[in-house]
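Undergrad: This is start20.txt, which holds compact mmCIF, C-alpha atoms:
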# COMPACT_ATOMS: atom_id res chain seq x y z
CA MET Q 1 115.09 -65.51 9.81
CA ASP Q 2 114.70 -62.40 11.94
CA HIS Q 3 111.10 -61.25 11.60
CA ARG Q 4 111.75 -57.75 12.97
CA ILE Q 5 111.28 -55.04 10.41
CA PHE Q 6 111.47 -51.25 10.19
CA VAL Q 7 108.40 -49.07 10.52
CA SER Q 8 109.03 -45.65 9.05
CA ALA Q 9 107.94 -42.56 10.90
CA ALA Q 10 107.22 -40.86 7.56
CA ILE Q 11 103.89 -42.58 6.96
CA PHE Q 12 101.05 -40.79 5.25
CA GLY Q 13 97.43 -41.82 4.78
CA THR Q 14 96.71 -40.10 1.48
CA LEU Q 15 97.12 -41.64 -1.96
CA CYS Q 16 98.54 -40.06 -5.09
CA ALA Q 17 96.40 -39.62 -8.20
CA CYS Q 18 99.40 -39.67 -10.56
CA ALA Q 19 100.60 -42.51 -12.77
CA PRO Q 20 103.44 -44.32 -10.94
CA ALA Q 21 104.95 -47.67 -11.79
CA ARG Q 22 102.98 -50.58 -10.42
CA ALA Q 23 104.57 -53.69 -8.97
CA ASP Q 24 104.19 -56.89 -11.00
CA ARG Q 25 103.01 -60.01 -9.23
CA VAL Q 26 105.33 -63.01 -9.24
CA ALA Q 27 104.13 -66.20 -10.91
CA SER Q 28 105.13 -69.13 -8.71
CA PRO Q 29 107.64 -70.15 -6.02
CA GLY Q 30 111.18 -70.08 -7.36
CA ALA Q 31 110.22 -67.92 -10.34
CA LEU Q 32 110.43 -64.18 -10.85
CA ILE Q 33 108.11 -63.96 -13.85
CA PRO Q 34 105.57 -61.12 -13.59
CA THR Q 35 102.07 -62.36 -14.37
CA GLN Q 36 99.75 -59.45 -13.64
CA THR Q 37 99.79 -55.97 -12.22
CA SER Q 38 99.42 -55.71 -8.45
CA PRO Q 39 97.72 -52.83 -6.63
CA TYR Q 40 100.98 -51.59 -5.07
CA LYS Q 41 102.60 -48.46 -6.52
CA VAL Q 42 106.18 -47.20 -6.54
CA GLU Q 43 107.36 -43.77 -7.66
CA LEU Q 44 110.17 -41.25 -7.26
CA LEU Q 45 109.28 -37.87 -5.78
CA SER Q 46 111.01 -34.52 -5.60
CA PRO Q 47 111.59 -33.02 -2.12
CA SER Q 48 108.36 -31.05 -2.57
CA GLY Q 49 106.40 -34.27 -3.11
CA VAL Q 50 105.91 -33.98 -6.88
CA GLN Q 51 106.40 -37.12 -8.95
CA LEU Q 52 109.54 -36.94 -11.11
CA PRO Q 53 108.98 -37.20 -14.89
CA THR Q 54 108.40 -40.89 -15.63
CA TYR Q 55 108.24 -42.48 -19.07
CA GLN Q 56 107.16 -45.94 -20.16
CA ARG Q 57 108.94 -47.82 -22.92
CA GLY Q 58 107.54 -51.28 -23.44
CA ALA Q 59 107.13 -52.91 -20.04
CA ARG Q 60 109.78 -50.72 -18.38
CA HIS Q 61 109.49 -47.39 -16.59
CA TYR Q 62 112.20 -44.72 -16.78
CA VAL Q 63 112.61 -41.69 -14.55
CA LEU Q 64 114.32 -38.48 -15.65
CA GLY Q 65 116.84 -37.28 -13.09
CA MET Q 66 119.20 -34.34 -12.91
CA THR Q 67 122.60 -34.14 -11.25
CA GLU Q 68 122.46 -33.07 -7.58
CA GLY Q 69 118.69 -33.47 -7.55
CA ARG Q 70 117.39 -35.11 -4.36
CA TYR Q 71 114.67 -37.73 -4.64
CA ILE Q 72 112.43 -39.81 -2.40
CA ILE Q 73 111.09 -43.32 -3.01
CA ARG Q 74 107.39 -43.64 -2.24
CA VAL Q 75 105.69 -47.04 -1.88
CA THR Q 76 101.88 -46.95 -1.72
CA ASN Q 77 99.74 -49.73 -0.28
CA PRO Q 78 96.03 -49.37 -1.20
CA THR Q 79 95.03 -52.68 0.42
CA ALA Q 80 93.59 -53.50 3.86
CA ALA Q 81 96.66 -55.48 5.00
CA ARG Q 82 100.22 -54.55 5.92
CA ILE Q 83 103.03 -55.26 3.46
CA GLU Q 84 106.81 -55.33 3.67
CA ALA Q 85 108.85 -53.41 1.07
CA VAL Q 86 112.50 -54.43 0.57
CA VAL Q 87 114.11 -51.61 -1.42
CA SER Q 88 117.35 -51.47 -3.40
CA VAL Q 89 119.11 -48.57 -5.15
CA ASP Q 90 121.87 -49.28 -7.66
CA GLY Q 91 121.99 -52.89 -6.47
CA LEU Q 92 122.52 -51.88 -2.83
CA ASP Q 93 120.09 -52.44 0.03
CA VAL Q 94 118.83 -49.09 1.35
CA ILE Q 95 119.08 -50.20 4.99
CA ASP Q 96 122.58 -51.70 5.30
CA GLY Q 97 124.22 -50.47 2.06
CA LEU Q 98 125.38 -53.96 1.08
CA ALA Q 99 124.43 -56.05 -1.95
CA ALA Q 100 120.64 -56.20 -2.21
CA ASN Q 101 118.97 -59.57 -1.55
CA PHE Q 102 115.23 -59.74 -0.84
CA ARG Q 103 115.51 -63.31 0.49
CA THR Q 104 117.81 -62.45 3.40
CA LYS Q 105 117.29 -58.70 3.87
CA ARG Q 106 114.34 -57.07 5.63
CA GLY Q 107 112.63 -53.83 4.69
CA TYR Q 108 109.98 -51.30 5.67
CA VAL Q 109 106.40 -52.03 6.75
CA VAL Q 110 103.77 -50.11 4.78
CA PRO Q 111 100.48 -49.76 6.70
CA PRO Q 112 97.05 -50.55 5.23
CA TYR Q 113 95.75 -47.79 2.96
CA GLY Q 114 98.97 -45.87 3.54
CA GLU Q 115 102.42 -45.24 2.19
CA VAL Q 116 106.05 -44.99 3.20
CA ARG Q 117 108.59 -42.47 1.93
CA ILE Q 118 112.22 -43.57 1.93
CA GLU Q 119 114.60 -40.61 1.75
CA GLY Q 120 118.03 -42.23 1.75
CA PHE Q 121 120.40 -44.98 2.79
CA ARG Q 122 119.81 -45.66 6.46
CA THR Q 123 122.72 -44.73 8.72
CA SER Q 124 120.94 -45.17 12.07
CA ALA Q 125 117.47 -45.52 13.56
CA SER Q 126 117.04 -41.76 13.29
CA GLN Q 127 119.02 -40.67 10.19
CA VAL Q 128 119.54 -41.45 6.52
CA ALA Q 129 122.03 -40.32 3.87
CA ALA Q 130 119.88 -38.57 1.27
CA PHE Q 131 119.33 -39.99 -2.20
CA ARG Q 132 120.86 -37.56 -4.71
CA PHE Q 133 121.48 -38.06 -8.41
CA SER Q 134 125.17 -37.85 -9.22
CA SER Q 135 127.74 -39.04 -11.71
CA VAL Q 136 128.66 -42.72 -11.65
CA PRO Q 137 132.11 -42.16 -10.03
CA ARG Q 138 130.52 -40.06 -7.26
CA SER Q 139 127.68 -42.50 -6.64
CA TYR Q 140 127.56 -44.69 -3.53
CA ALA Q 141 127.90 -47.87 -5.58
CA GLY Q 142 130.69 -46.33 -7.66
CA ARG Q 143 132.67 -45.32 -4.58
CA LYS Q 144 132.25 -48.84 -3.21
CA GLY Q 145 133.64 -50.23 -6.48
CA VAL Q 146 130.41 -51.97 -7.58
CA PRO Q 147 128.87 -49.84 -10.37
CA ARG Q 148 127.42 -52.76 -12.34
CA ASN Q 149 123.79 -52.17 -11.28
CA ILE Q 150 123.77 -48.38 -11.19
CA GLY Q 151 120.64 -46.80 -12.64
CA VAL Q 152 117.95 -49.13 -11.29
CA ILE Q 153 115.68 -49.03 -8.24
CA GLY Q 154 113.86 -52.16 -7.11
CA VAL Q 155 111.09 -52.80 -4.60
CA ALA Q 156 110.21 -56.36 -3.56
CA ILE Q 157 106.86 -56.55 -1.80
CA PHE Q 158 105.92 -59.27 0.66
CA GLU Q 159 102.39 -59.76 1.91
CA GLU Q 160 101.87 -60.67 5.55
CA ALA Q 161 101.06 -64.19 6.72
CA ALA Q 162 97.62 -64.63 8.24
CA ARG Q 163 97.73 -64.75 11.99
CA PRO Q 164 96.67 -68.13 13.47
CA VAL Q 165 93.18 -68.28 14.93
CA MET Q 166 92.68 -70.32 18.12
CA ILE Q 167 89.61 -72.54 17.86
CA GLN Q 168 88.08 -74.12 20.96
CA PRO Q 169 86.99 -77.70 20.09
CA TYR Q 170 83.42 -78.68 20.90
CA ARG Q 171 83.12 -81.41 23.51
CA GLN Q 172 80.03 -83.60 23.68
CA ALA Q 173 80.98 -85.03 27.08
CA PRO Q 174 83.18 -83.86 29.92
CA PRO Q 175 86.80 -85.12 29.83
CA PRO Q 176 87.62 -88.31 31.72
CA PRO Q 177 89.25 -88.13 35.15
CA VAL Q 178 92.95 -87.36 35.24
CA ALA Q 179 93.73 -90.89 36.42
CA ASP Q 180 92.17 -92.37 33.26
CA ARG Q 181 93.35 -89.76 30.80
CA TYR Q 182 96.77 -91.38 30.23
CA ARG Q 183 95.62 -95.01 30.46
CA ALA Q 184 95.77 -96.67 27.05
CA PRO Q 185 93.30 -99.55 26.39
CA VAL Q 186 95.06 -102.87 26.72
CA GLY Q 187 95.62 -104.66 23.41
CA LYS Q 188 94.25 -101.84 21.31
CA GLY Q 189 97.55 -100.05 20.68
CA ALA Q 190 95.93 -96.69 21.24
CA ALA Q 191 98.11 -93.74 22.12
CA PRO Q 192 97.64 -91.91 25.43
CA ASN Q 193 95.17 -89.09 25.30
CA ALA Q 194 97.86 -86.55 26.10
CA SER Q 195 97.49 -83.00 24.93
CA ARG Q 196 100.24 -81.90 22.55
CA PRO Q 197 102.04 -78.74 23.50
CA ALA Q 198 101.41 -75.74 21.31
CA PRO Q 199 104.07 -75.24 18.63
CA ALA Q 200 106.83 -72.91 19.65
CA MET Q 201 107.07 -69.46 18.07
CA GLU Q 202 109.41 -69.08 15.15
CA ARG Q 203 112.81 -67.96 16.31
CA GLY Q 204 115.12 -65.54 14.56
CA MET Q 205 118.44 -66.48 13.01
CA ALA Q 206 121.19 -67.50 15.38
CA GLY Q 207 123.53 -64.64 16.08
CA ALA Q 208 126.59 -66.44 14.78
CA ASP Q 209 124.94 -67.38 11.47
CA SER Q 210 123.57 -63.87 11.01
CA GLY Q 211 126.93 -62.22 11.67
CA ARG Q 212 128.74 -64.61 9.35
CA ALA Q 213 126.26 -63.94 6.54
CA VAL Q 214 126.71 -60.17 6.91
CA ARG Q 215 130.52 -60.44 6.86
CA ASP Q 216 130.51 -62.72 3.81
CA GLU Q 217 128.18 -60.42 1.93
CA ALA Q 218 130.23 -57.37 2.85
CA ALA Q 219 133.35 -59.08 1.52
CA ARG Q 220 131.66 -59.92 -1.78
CA CYS Q 221 130.25 -56.41 -2.11
CA CYS Q 222 133.45 -54.54 -1.40
CA THR Q 223 135.99 -56.77 -3.19
CA GLU Q 224 134.11 -57.26 -6.45
CA HIS Q 225 135.52 -54.82 -9.02
CA TYR Q 226 134.06 -53.56 -12.28
CA PRO Q 227 136.32 -51.69 -14.73
CA ASN Q 228 133.60 -49.32 -16.02
CA ILE Q 229 133.59 -46.99 -13.04
CA ASN Q 230 133.65 -43.94 -15.35
CA ARG Q 231 130.42 -44.77 -17.15
CA PRO Q 232 128.32 -41.80 -18.29
CA GLY Q 233 124.86 -41.10 -16.94
CA LEU Q 234 123.46 -40.84 -13.44
CA GLY Q 235 123.97 -42.75 -10.22
CA THR Q 236 122.79 -42.17 -6.63
CA GLU Q 237 125.21 -40.73 -4.13
CA PHE Q 238 125.44 -41.13 -0.36
CA GLY Q 239 124.15 -37.65 0.35
CA GLU Q 240 123.86 -35.40 3.37
CA ARG Q 241 122.42 -36.71 6.61
CA ARG Q 242 118.70 -36.18 7.12
CA TYR Q 243 116.41 -36.94 10.05
CA SER Q 244 114.19 -39.96 9.38
CA ALA Q 245 113.26 -41.90 12.51
CA VAL Q 246 112.10 -45.51 12.47
CA SER Q 247 111.12 -48.17 15.00
CA TRP Q 248 110.96 -51.96 14.95
CA THR Q 249 107.96 -54.24 14.58
CA ARG Q 250 107.33 -57.91 13.87
CA PHE Q 251 106.29 -59.04 10.39
CA VAL Q 252 105.98 -62.64 9.18
CA ARG Q 253 105.99 -63.03 5.41
CA ARG Q 254 103.33 -65.09 3.68
CA HIS Q 255 106.08 -66.50 1.44
CA PRO Q 256 109.43 -66.21 3.27
CA ASN Q 257 111.71 -66.35 0.22
CA ARG Q 258 109.50 -65.18 -2.64
CA PRO Q 259 108.07 -61.69 -2.99
CA ASP Q 260 104.44 -61.33 -3.97
CA ALA Q 261 105.26 -58.45 -6.30
CA ILE Q 262 108.32 -56.68 -7.71
CA ALA Q 263 108.56 -53.13 -9.06
CA THR Q 264 111.52 -51.80 -11.05
CA LEU Q 265 112.27 -48.17 -11.92
CA ARG Q 266 115.23 -47.23 -14.10
CA TYR Q 267 116.61 -43.72 -14.12
CA ASN Q 268 119.03 -41.62 -16.14
CA ASP Q 269 119.64 -38.11 -17.43
CA ALA Q 270 118.08 -36.68 -20.58
CA ALA Q 271 120.95 -37.89 -22.78
CA GLY Q 272 120.68 -41.43 -21.44
CA LEU Q 273 116.94 -41.60 -21.95
CA GLY Q 274 117.31 -40.05 -25.40
CA ALA Q 275 119.71 -42.85 -26.36
CA LEU Q 276 116.84 -45.27 -25.70
CA GLY Q 277 114.56 -43.34 -28.01
CA ILE Q 278 112.62 -41.66 -25.20
CA ARG Q 279 111.79 -38.07 -26.11
CA VAL Q 280 112.31 -36.05 -22.96
CA ALA Q 281 110.51 -32.72 -22.95
CA PRO Q 282 112.02 -29.93 -20.82
CA VAL Q 283 110.25 -29.34 -17.55
CA PRO Q 284 109.91 -25.53 -17.10
CA ASP Q 285 109.64 -25.59 -13.33
CA SER Q 286 112.35 -28.15 -12.65
CA THR Q 287 115.58 -26.12 -12.81
CA GLU Q 288 117.04 -22.84 -14.01
CA THR Q 289 118.56 -24.69 -16.97
CA TRP Q 290 115.36 -24.70 -19.01
CA THR Q 291 114.84 -20.97 -18.51
CA ARG Q 292 118.36 -20.14 -19.62
CA GLU Q 293 118.30 -22.48 -22.62
CA THR Q 294 115.06 -20.94 -23.91
CA ALA Q 295 116.06 -17.28 -23.39
CA ASP Q 296 115.36 -15.10 -26.45
CA PRO Q 297 118.13 -12.63 -27.45
CA PHE Q 298 115.59 -10.44 -29.34
CA PRO Q 299 112.36 -10.43 -27.35
CA ALA Q 300 110.63 -7.89 -29.63
CA SER Q 301 111.24 -4.70 -27.65
CA PRO Q 302 111.24 -1.79 -30.17
CA GLY Q 303 112.26 1.71 -29.16
CA TYR Q 304 114.94 3.02 -26.85
CA ALA Q 305 116.18 1.82 -23.51
CA GLU Q 306 114.12 2.90 -20.54
CA PRO Q 307 115.11 2.87 -16.88
CA PRO Q 308 113.71 0.03 -14.79
CA ARG Q 309 110.51 0.77 -12.92
Now, as a test, write the supplied structure out as structure tokens.
TA:
Amino acid sequence: MDHRIFVSAAIFGTLCACAPARADRVASPGALIPTQTSPYKVELLSPSGVQLPTYQRGARHYVLGMTEGRYIIRVTNPTAARIEAVVSVDGLDVIDGLAANFRTKRGYVVPPYGEVRIEGFRTSASQVAAFRFSSVPRSYAGRKGVPRNIGVIGVAIFEEAARPVMIQPYRQAPPPPVADRYRAPVGKGAAPNASRPAPAMERGMAGADSGRAVRDEAARCCTEHYPNINRPGLGTEFGERRYSAVSWTRFVRRHPNRPDAIATLRYNDAAGLGALGIRVAPVPDSTETWTRETADPFPASPGYAEPPR
């Protein structure tokens, strides 16, 4: 597995005092059963940095979105160690746009006591295609013909493996001469006192295997067809290009194939959330829609018309 991973340039050291969704820790290897709440936080922000309206229903969190509204995914790490965040939108990986898979895909490094803001699907090391709420047919997954998982955002969090510490063994006596160091005692069956070489560093995936895996996944992603492309509700489109530079670093997961925590955010418009029984209150400062819908035709202005001042 390639241990290189993106480091976002949009890293901030402050934490948010709002109430985002928290990632659930995973129970045991091979299982994806949340056992307890982790310290990591995931939320959707508006372009101005304000958390989008988020509602909790049971164990799930739902975000209210509006068509054409741009959003940003923020992952906060309040711990003293780096973490890796593998992020998916509508079932697609935000880095390569193919089917999301946290076992084989890599993500973004979140620094200690910091955060990372992901603004769109990555198109290069310096640009992304902005996340914008849209109809299902106009969404990125809808246009690729894979709308099955539209309406959900996932973040799989991997904690970093501890770096090995070199320990110098204590010697009570100086080592024997070189001539005697490889001489095994006769009849004792003892092995030569040869020093074992240090283990080699882990190598990344072979280029051929990596390329084959990407091609196979692309074929599955683009040939799978779902008939409900005209579903109602919101999706996320492949928006306008925005500057968002990243660089590469090395990150070795503590558990290579199992995330330490998983966060899930579901999103929809007001009608979709209302169908789930979630009462969505209008947000006065969100759009012009609320102002127009609450306009009063008789605002108690007795008398005659006066010229504007």
Undergrad: Rank Q:Gly272, Q:Pro307, Q:Gly69, Q:Pro137 by their smallest atom-to-atom distance to Asn230 of chain Q, using all atoms listed in the file, and report the top residue only.
TA: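 Distance minimum relative to Asn230 of chain Q lands on Q:Pro137.
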Undergrad: Enter the distance from atom CA of Glu43 of chain Q to atom CA of Glu84 of chain Q, in Å, rounded to one decimal.
TA: 16.2 Å
Undergrad: Atom CA of Tyr108 of chain Q and atom CA of Thr67 of chain Q, how far apart in Å?
TA: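 Distance between the two atoms: 27.2 Å.
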Undergrad: Applying 9 Å and all atoms listed in the file, which residues near Arg74 of chain Q remain after dropping the ones on its own chain fewer than 6 positions away? List them as a list in words.
TA: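 Near Arg74 of chain Q, the qualifying residues are Lys41, Val42, Glu43, Leu44, Leu45, Glu115, Val116, Arg117, Ile118 and Glu119 of chain Q.
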Undergrad: Could you check which of Q:Leu52, Q:Val109, Q:Val128, Q:Ala80 is closest to Arg242 of chain Q, using all atoms listed in the file?
TA: Q:Val128
Undergrad: Take atom CA of Val89 of chain Q and atom CA of Pro111 of chain Q and report the distance between them in Å, one decimal.
TA: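 Interatomic distance here is 22.1 Å.
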Undergrad: So that I can check the surroundings of Tyr243 of chain Q, please list as a list in words every protein, DNA and RNA residue that reaches within 12 Å of it, counting all atoms listed in the file and ignoring chain neighbours fewer than 6 positions away.
TA: Ser8, Ala9, Ala10, Ile118, Glu119, Gly120, Phe121, Arg122, Thr123, Ser124, Ala125, Ser126, Gln127, Val128, Ala129 and Ala130 of chain Q
Undergrad: Taking into account all atoms listed in the file, which residue in the set Q:Ile150, Q:Ile262, Q:Val86, Q:Val246 is nearest to Arg103 of chain Q?
TA: Q:Val86
Undergrad: Could you tell me which of Q:Ala162, Q:Ile157, Q:Leu92, Q:Leu265 comes closest to Ala141 of chain Q if we count all atoms listed in the file?
TA: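 Distance minimum relative to Ala141 of chain Q lands on Q:Leu92.
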Undergrad: Tell me which of Q:Ala85, Q:Val136, Q:Leu234, Q:Leu98 sits closest to Ala156 of chain Q, counting all atoms listed in the file.
TA: Q:Ala85
Undergrad: Between Q:Gly145, Q:Pro39, Q:Gly97, Q:Pro256, which is the closest to Thr76 of chain Q once you count all atoms listed in the file?
TA: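 Closest candidate: Q:Pro39.
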Undergrad: Any idea what's packed within 6 Å of Val63 of chain Q, counting all atoms listed in the file, ignoring anything in its chain fewer than 6 positions away? Could you give it as a PDB file with C-alpha atoms, in the frame of the given file?
TA:
ATOM      1  CA  PRO Q  53     108.980 -37.200 -14.890  1.00  0.00           C
ATOM      2  CA  THR Q  54     108.400 -40.890 -15.630  1.00  0.00           C
ATOM      3  CA  TYR Q 267     116.610 -43.720 -14.120  1.00  0.00           C
TER       4      TYR Q 267
END
Undergrad: Which residues are close to Ala271 of chain Q, i.e. within 12 Å by all atoms listed in the file, leaving aside same-chain residues fewer than 2 positions away? Reply as an NGL selection string.
TA: :Q and (64-66 or 232-234 or 267-269 or 273-281)
